[in-house]
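Novice: Sharing a structure, written as structure tokens. Questions coming.
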Amino acid sequence: MLVLFETPSGHALFKVTDSAKLKDVKPEEVGGLLAGDSLSSSLRLKAFGKFESTTDALAASTAIVEGKISKQLKKFLKKNVKDAEELAVGESKLGNAIKSKLGLQCIFDSSVQEIIRVIRANFEDLVGEKSTEHERKAMVLGLAHSLSRYKLKFSPDKVDTMIVQAIGLLDDLDKELNTYAMRLKEWYGWHFPEMVKIINDNVKYAQVVARMKIRSNAKGLDFKDILEEEVEEELKEAAEVSMGTEISDEDVRNITSLCSQVTTLSEYRFKLFEYLKNRMRAIAPNLTAMVGELVGARLIAHAGSLLNLAKYPASTVQLLGAEKALFRALKTKHATPKYGELNILQI
């Protein structure tokens, strides 16, 4: 029986000299039996396929993680394993892939795990000069960094991280915009209080203030690109009879600066929303079609990931976003909420 052992330095193939003796032994006793005898008589290194670079090691490792055979491993097994020989492997997925691709008889059970444990514990003595300790340490460090970078870059579980961050930032921008707009209306309301009832939209309000500056300029300005004709006429009429106080040039400069902040944040919020819509349609098209981009993104954010959301039962999804109200109701023994984020959904 041959045992395939993967290392950061390369693929090692060991031959169990007396495999018949191991068949009648319990799996938990295999390791003690091999360690009790002389290692050189129980396990013998048959072949060692050394990686030429960290790139080769990364390709082989990622293939094993995905249950596939790398080109180097395929070539190594074809060269050193005969069709009649049994091959022991540590991963069932890898064994199935080898069996389907190369037609080799693979075994993977608890006895094999014990044999691999013994090989790992005594690897330096079994390999000898095929791989030095300095080379192994360097390859272990390089492969660990490369494999971690690969998993972070290509992990399918992380594609929804951008959605979670985008919807969080979108909600923060909405709060900031509301705060800035409220301050702007209160601040400019001392000069032109009637304007609040005429223009309800925060962005249009900021644009009009930035262009008009003081109410006496309203009559000679054109607001057709911002307001409708009826609203523009009502604004100009109200500016002539306004009961607001006068403001200084320094007040106007500060108010205009706040207007530019509101306009800039609003433009960025629009771009961020378009980005979120495109990401949601690409990553979760079915969820987007059912509940929309915003509600779908908030559900993913509450669940932590799209995969977690898919695993949740309907009762949990129904209450996502109402966790505080739920625990408050349970604590005070009042009626529990029926919906969370889905409460704002219109079907």
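Ordering of the structure tokens sets the chain letters (A, B, ...), residue numbers begin anew at 1 in every chain, and ligands are numbered from 1 in the order given.
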Write out as a ChimeraX atom specification the residues lying within 12 Å of region 305-314 of chain A, counting only C-alpha atoms and excluding same-chain residues fewer than 2 positions away.

Specialist: /A:156-165,280,283-287,296-303,316-320,339,342

Novice: Write the residues of the selection above to a file with C-alpha atoms, as an mmCIF file, in the first residue's frame.

Specialist:
data_model
loop_
_atom_site.group_PDB
_atom_site.id
_atom_site.type_symbol
_atom_site.label_atom_id
_atom_site.label_comp_id
_atom_site.auth_asym_id
_atom_site.auth_seq_id
_atom_site.Cartn_x
_atom_site.Cartn_y
_atom_site.Cartn_z
ATOM 1 C CA PRO A 156 -17.299 32.910 -2.575
ATOM 2 C CA ASP A 157 -18.526 33.705 0.948
ATOM 3 C CA LYS A 158 -17.060 37.234 0.827
ATOM 4 C CA VAL A 159 -18.726 38.590 -2.314
ATOM 5 C CA ASP A 160 -21.537 40.114 -0.256
ATOM 6 C CA THR A 161 -19.189 42.055 2.036
ATOM 7 C CA MET A 162 -19.383 45.040 -0.336
ATOM 8 C CA ILE A 163 -23.183 45.011 -0.051
ATOM 9 C CA VAL A 164 -23.039 45.025 3.753
ATOM 10 C CA GLN A 165 -20.609 47.969 3.758
ATOM 11 C CA MET A 280 -27.530 43.365 -5.605
ATOM 12 C CA ILE A 283 -25.098 38.764 -6.446
ATOM 13 C CA ALA A 284 -28.699 38.280 -5.259
ATOM 14 C CA PRO A 285 -31.020 38.713 -8.272
ATOM 15 C CA ASN A 286 -33.866 36.613 -6.833
ATOM 16 C CA LEU A 287 -33.844 38.441 -3.496
ATOM 17 C CA GLY A 296 -32.610 42.912 0.407
ATOM 18 C CA ALA A 297 -29.311 44.591 1.286
ATOM 19 C CA ARG A 298 -30.501 45.306 4.833
ATOM 20 C CA LEU A 299 -31.552 41.678 5.288
ATOM 21 C CA ILE A 300 -28.089 40.531 4.149
ATOM 22 C CA ALA A 301 -26.456 43.026 6.521
ATOM 23 C CA HIS A 302 -28.532 41.826 9.481
ATOM 24 C CA ALA A 303 -27.817 38.172 8.664
ATOM 25 C CA THR A 316 -36.108 34.491 11.681
ATOM 26 C CA VAL A 317 -36.120 36.412 8.378
ATOM 27 C CA GLN A 318 -39.472 37.911 9.320
ATOM 28 C CA LEU A 319 -38.019 39.485 12.491
ATOM 29 C CA LEU A 320 -34.644 40.641 11.098
ATOM 30 C CA TYR A 339 -42.045 42.197 11.273
ATOM 31 C CA LEU A 342 -40.036 43.471 5.894
#

Novice: Which residue gives the smallest distance to Asn178 (chain A) among A:Asp201, A:Asp125, A:Glu194, A:Glu229, with only C-alpha atoms counted?

Specialist: A:Asp201

Novice: What's the separation between CA of Ala47 (chain A) and CA of Phe14 (chain A), in Å to one decimal place?

Specialist: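 CA of Phe14 (chain A) lies 7.2 Å from CA of Ala47 (chain A).
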
Novice: Excluding same-chain residues fewer than 6 positions from region 49-56 of chain A, what lies within 6 Å of it counting only C-alpha atoms, as a list in words?

Specialist: Ser9, Gly10 and His11 of chain A

Novice: Which distance in Å separates CA of Lys101 (chain A) and CA of Gly67 (chain A), to one decimal?

Specialist: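 Atom-to-atom, CA of Lys101 (chain A) and CA of Gly67 (chain A) are spaced 12.0 Å apart.
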
Novice: Which of these, A:Glu246, A:Glu232, A:Asp174, A:Glu237, has the shortest distance to Val262 (chain A) once you count only C-alpha atoms?

Specialist: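 Among the listed residues, A:Asp174 lies closest to Val262 (chain A).
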
Novice: Pick out the closest residue to Arg269 (chain A) from this set: A:Val203, A:Lys324, A:Leu235, A:Leu102. Count only C-alpha atoms.

Specialist: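 That would be A:Val203, the residue with the smallest distance to Arg269 (chain A).
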
Novice: CA of Ala181 (chain A) to CA of Leu272 (chain A): how many Å, to one decimal?

Specialist: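 According to the coordinates, CA of Ala181 (chain A) and CA of Leu272 (chain A) are separated by 19.2 Å.
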
Novice: List the neighbours of Thr263 (chain A) out to 9 Å using only C-alpha atoms; skip same-chain residues closer than 2 positions along the sequence, and give me the result as a PyMOL selection string.

Specialist: chain A and resi 203-204+206-207+258-261+265-268

Novice: Go ahead and dump the residues you just picked, N, CA and C atoms, as a PDB file, in the first residue's frame.

Specialist:
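Okay, this is what ended up in selection_30.pdb:
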ATOM      1  N   VAL A 203     -32.625  68.657  -1.064  1.00  0.00           N
ATOM      2  CA  VAL A 203     -31.585  68.993  -2.038  1.00  0.00           C
ATOM      3  C   VAL A 203     -31.966  70.252  -2.813  1.00  0.00           C
ATOM      4  N   LYS A 204     -33.223  70.327  -3.240  1.00  0.00           N
ATOM      5  CA  LYS A 204     -33.684  71.523  -3.960  1.00  0.00           C
ATOM      6  C   LYS A 204     -33.618  72.756  -3.067  1.00  0.00           C
ATOM      7  N   ALA A 206     -31.447  73.286  -0.676  1.00  0.00           N
ATOM      8  CA  ALA A 206     -30.044  73.685  -0.592  1.00  0.00           C
ATOM      9  C   ALA A 206     -29.585  74.365  -1.880  1.00  0.00           C
ATOM     10  N   GLN A 207     -30.023  73.852  -3.031  1.00  0.00           N
ATOM     11  CA  GLN A 207     -29.630  74.443  -4.314  1.00  0.00           C
ATOM     12  C   GLN A 207     -30.193  75.851  -4.482  1.00  0.00           C
ATOM     13  N   LEU A 258     -22.640  75.215   3.883  1.00  0.00           N
ATOM     14  CA  LEU A 258     -23.466  74.087   4.313  1.00  0.00           C
ATOM     15  C   LEU A 258     -24.319  73.566   3.164  1.00  0.00           C
ATOM     16  N   CYS A 259     -24.794  74.461   2.294  1.00  0.00           N
ATOM     17  CA  CYS A 259     -25.567  74.045   1.120  1.00  0.00           C
ATOM     18  C   CYS A 259     -24.735  73.153   0.191  1.00  0.00           C
ATOM     19  N   SER A 260     -23.481  73.533  -0.013  1.00  0.00           N
ATOM     20  CA  SER A 260     -22.608  72.729  -0.872  1.00  0.00           C
ATOM     21  C   SER A 260     -22.355  71.353  -0.273  1.00  0.00           C
ATOM     22  N   GLN A 261     -22.288  71.272   1.074  1.00  0.00           N
ATOM     23  CA  GLN A 261     -22.126  69.975   1.740  1.00  0.00           C
ATOM     24  C   GLN A 261     -23.340  69.087   1.494  1.00  0.00           C
ATOM     25  N   LEU A 265     -23.068  65.590  -0.672  1.00  0.00           N
ATOM     26  CA  LEU A 265     -23.464  64.331  -0.047  1.00  0.00           C
ATOM     27  C   LEU A 265     -24.620  63.680  -0.787  1.00  0.00           C
ATOM     28  N   SER A 266     -25.536  64.485  -1.275  1.00  0.00           N
ATOM     29  CA  SER A 266     -26.677  63.949  -2.015  1.00  0.00           C
ATOM     30  C   SER A 266     -26.239  63.310  -3.335  1.00  0.00           C
ATOM     31  N   GLU A 267     -25.301  63.955  -4.022  1.00  0.00           N
ATOM     32  CA  GLU A 267     -24.788  63.387  -5.275  1.00  0.00           C
ATOM     33  C   GLU A 267     -24.049  62.074  -5.024  1.00  0.00           C
ATOM     34  N   TYR A 268     -23.256  62.028  -3.955  1.00  0.00           N
ATOM     35  CA  TYR A 268     -22.536  60.797  -3.635  1.00  0.00           C
ATOM     36  C   TYR A 268     -23.504  59.684  -3.210  1.00  0.00           C
TER      37      TYR A 268
END

Novice: So which one's closest to Glu293 (chain A), A:Lys71, A:Lys277, A:Lys271, A:Arg183? Using only C-alpha atoms, please.

Specialist: A:Lys277

Novice: Fewer than 6 positions away in the same chain doesn't count, so skip those; otherwise give me all residues within 12 Å of Lys99 (chain A), counting only C-alpha atoms, as a list in words.

Specialist: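 My list of contacting residues is Gly67, Lys68, Ile69, Lys74, Leu77, Asp83, Glu86, Leu87, Ala88, Val89, Ser92, Lys93, Gln105, Cys106, Ile107 and Phe108 of chain A.
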
Novice: How about saving the chosen residues, all heavy atoms kept, as a compact mmCIF listing (two decimals), in the first residue's frame?

Specialist:
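Output saved as selection.txt:
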# COMPACT_ATOMS: atom_id res chain seq x y z
N GLY A 67 -10.77 19.79 -3.88
CA GLY A 67 -11.02 18.40 -4.22
C GLY A 67 -10.65 18.05 -5.64
O GLY A 67 -11.27 17.17 -6.25
N LYS A 68 -9.64 18.71 -6.19
CA LYS A 68 -9.20 18.46 -7.56
C LYS A 68 -7.74 18.00 -7.57
O LYS A 68 -7.07 18.02 -6.55
CB LYS A 68 -9.35 19.73 -8.41
CG LYS A 68 -10.77 20.26 -8.50
CD LYS A 68 -10.81 21.56 -9.28
CE LYS A 68 -12.23 22.11 -9.33
NZ LYS A 68 -12.28 23.41 -10.07
N ILE A 69 -7.28 17.57 -8.75
CA ILE A 69 -5.90 17.12 -8.90
C ILE A 69 -5.15 18.16 -9.71
O ILE A 69 -5.57 18.53 -10.82
CB ILE A 69 -5.81 15.76 -9.62
CG1 ILE A 69 -6.79 14.76 -9.01
CG2 ILE A 69 -4.40 15.20 -9.54
CD1 ILE A 69 -6.83 13.46 -9.75
N LYS A 74 -0.88 14.93 -10.76
CA LYS A 74 -1.29 13.94 -11.76
C LYS A 74 -0.07 13.30 -12.42
O LYS A 74 0.01 12.06 -12.58
CB LYS A 74 -2.18 14.62 -12.81
CG LYS A 74 -2.87 13.68 -13.77
CD LYS A 74 -3.81 14.47 -14.67
CE LYS A 74 -4.55 13.54 -15.61
NZ LYS A 74 -5.45 14.31 -16.50
N LEU A 77 1.77 10.99 -9.80
CA LEU A 77 1.12 9.71 -9.55
C LEU A 77 1.25 8.77 -10.74
O LEU A 77 1.44 7.56 -10.57
CB LEU A 77 -0.35 9.93 -9.20
CG LEU A 77 -0.63 10.64 -7.87
CD1 LEU A 77 -2.12 10.88 -7.69
CD2 LEU A 77 -0.08 9.84 -6.69
N ASP A 83 -1.14 0.61 -11.58
CA ASP A 83 -2.59 0.44 -11.54
C ASP A 83 -3.04 -0.54 -10.47
O ASP A 83 -4.12 -0.41 -9.90
CB ASP A 83 -3.10 -0.03 -12.91
CG ASP A 83 -2.89 1.03 -13.98
OD1 ASP A 83 -2.75 2.21 -13.61
OD2 ASP A 83 -2.86 0.69 -15.17
N GLU A 86 -2.64 -0.06 -4.20
CA GLU A 86 -3.60 0.74 -3.44
C GLU A 86 -2.94 2.04 -3.01
O GLU A 86 -1.78 2.06 -2.61
CB GLU A 86 -4.07 -0.01 -2.19
CG GLU A 86 -5.05 -1.13 -2.46
CD GLU A 86 -5.54 -1.76 -1.16
OE1 GLU A 86 -4.83 -1.63 -0.15
OE2 GLU A 86 -6.62 -2.35 -1.17
N LEU A 87 -3.71 3.14 -3.09
CA LEU A 87 -3.19 4.45 -2.72
C LEU A 87 -4.03 5.00 -1.58
O LEU A 87 -5.25 5.17 -1.71
CB LEU A 87 -3.24 5.41 -3.91
CG LEU A 87 -2.71 6.82 -3.65
CD1 LEU A 87 -1.21 6.79 -3.35
CD2 LEU A 87 -2.98 7.73 -4.85
N ALA A 88 -3.38 5.26 -0.45
CA ALA A 88 -4.06 5.83 0.71
C ALA A 88 -3.91 7.35 0.70
O ALA A 88 -2.81 7.87 0.54
CB ALA A 88 -3.47 5.26 2.00
N VAL A 89 -5.03 8.05 0.83
CA VAL A 89 -5.03 9.51 0.81
C VAL A 89 -5.78 10.02 2.05
O VAL A 89 -6.62 9.33 2.62
CB VAL A 89 -5.69 10.07 -0.47
CG1 VAL A 89 -4.89 9.71 -1.70
CG2 VAL A 89 -7.13 9.57 -0.61
N SER A 92 -11.16 12.48 1.34
CA SER A 92 -12.06 11.66 0.52
C SER A 92 -12.33 12.30 -0.84
O SER A 92 -12.41 11.59 -1.86
CB SER A 92 -13.38 11.43 1.26
OG SER A 92 -13.99 12.67 1.57
N LYS A 93 -12.44 13.64 -0.87
CA LYS A 93 -12.68 14.31 -2.16
C LYS A 93 -11.51 14.12 -3.10
O LYS A 93 -11.68 13.88 -4.31
CB LYS A 93 -12.92 15.82 -1.92
CG LYS A 93 -14.23 16.14 -1.25
CD LYS A 93 -14.39 17.65 -1.11
CE LYS A 93 -15.72 18.00 -0.45
NZ LYS A 93 -15.87 19.48 -0.32
N GLN A 105 -7.00 2.77 -7.36
CA GLN A 105 -7.80 2.36 -6.22
C GLN A 105 -7.35 3.13 -4.99
O GLN A 105 -6.24 2.94 -4.50
CB GLN A 105 -7.66 0.84 -6.00
CG GLN A 105 -8.57 0.32 -4.90
CD GLN A 105 -8.41 -1.18 -4.67
OE1 GLN A 105 -7.67 -1.83 -5.41
NE2 GLN A 105 -9.10 -1.71 -3.68
N CYS A 106 -8.23 4.00 -4.47
CA CYS A 106 -7.88 4.86 -3.34
C CYS A 106 -8.65 4.43 -2.10
O CYS A 106 -9.82 4.04 -2.18
CB CYS A 106 -8.20 6.31 -3.66
SG CYS A 106 -7.24 6.99 -5.01
N ILE A 107 -7.99 4.51 -0.97
CA ILE A 107 -8.63 4.23 0.31
C ILE A 107 -8.42 5.43 1.23
O ILE A 107 -7.37 6.06 1.21
CB ILE A 107 -8.08 2.94 0.96
CG1 ILE A 107 -6.56 3.00 1.10
CG2 ILE A 107 -8.50 1.71 0.19
CD1 ILE A 107 -5.97 1.83 1.85
N PHE A 108 -9.45 5.73 2.00
CA PHE A 108 -9.38 6.84 2.95
C PHE A 108 -10.31 6.52 4.11
O PHE A 108 -11.52 6.61 4.00
CB PHE A 108 -9.77 8.18 2.31
CG PHE A 108 -10.80 8.06 1.23
CD1 PHE A 108 -12.15 8.06 1.52
CD2 PHE A 108 -10.41 7.93 -0.09
CE1 PHE A 108 -13.09 7.95 0.51
CE2 PHE A 108 -11.35 7.80 -1.10
CZ PHE A 108 -12.68 7.81 -0.81

Novice: Could you check the closest approach to Ile119 (chain A) for each of A:Ala322, A:Ile214, A:Leu43, A:Val252 and tell me which residue wins, using only C-alpha atoms?

Specialist: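 Among the listed residues, A:Leu43 lies closest to Ile119 (chain A).
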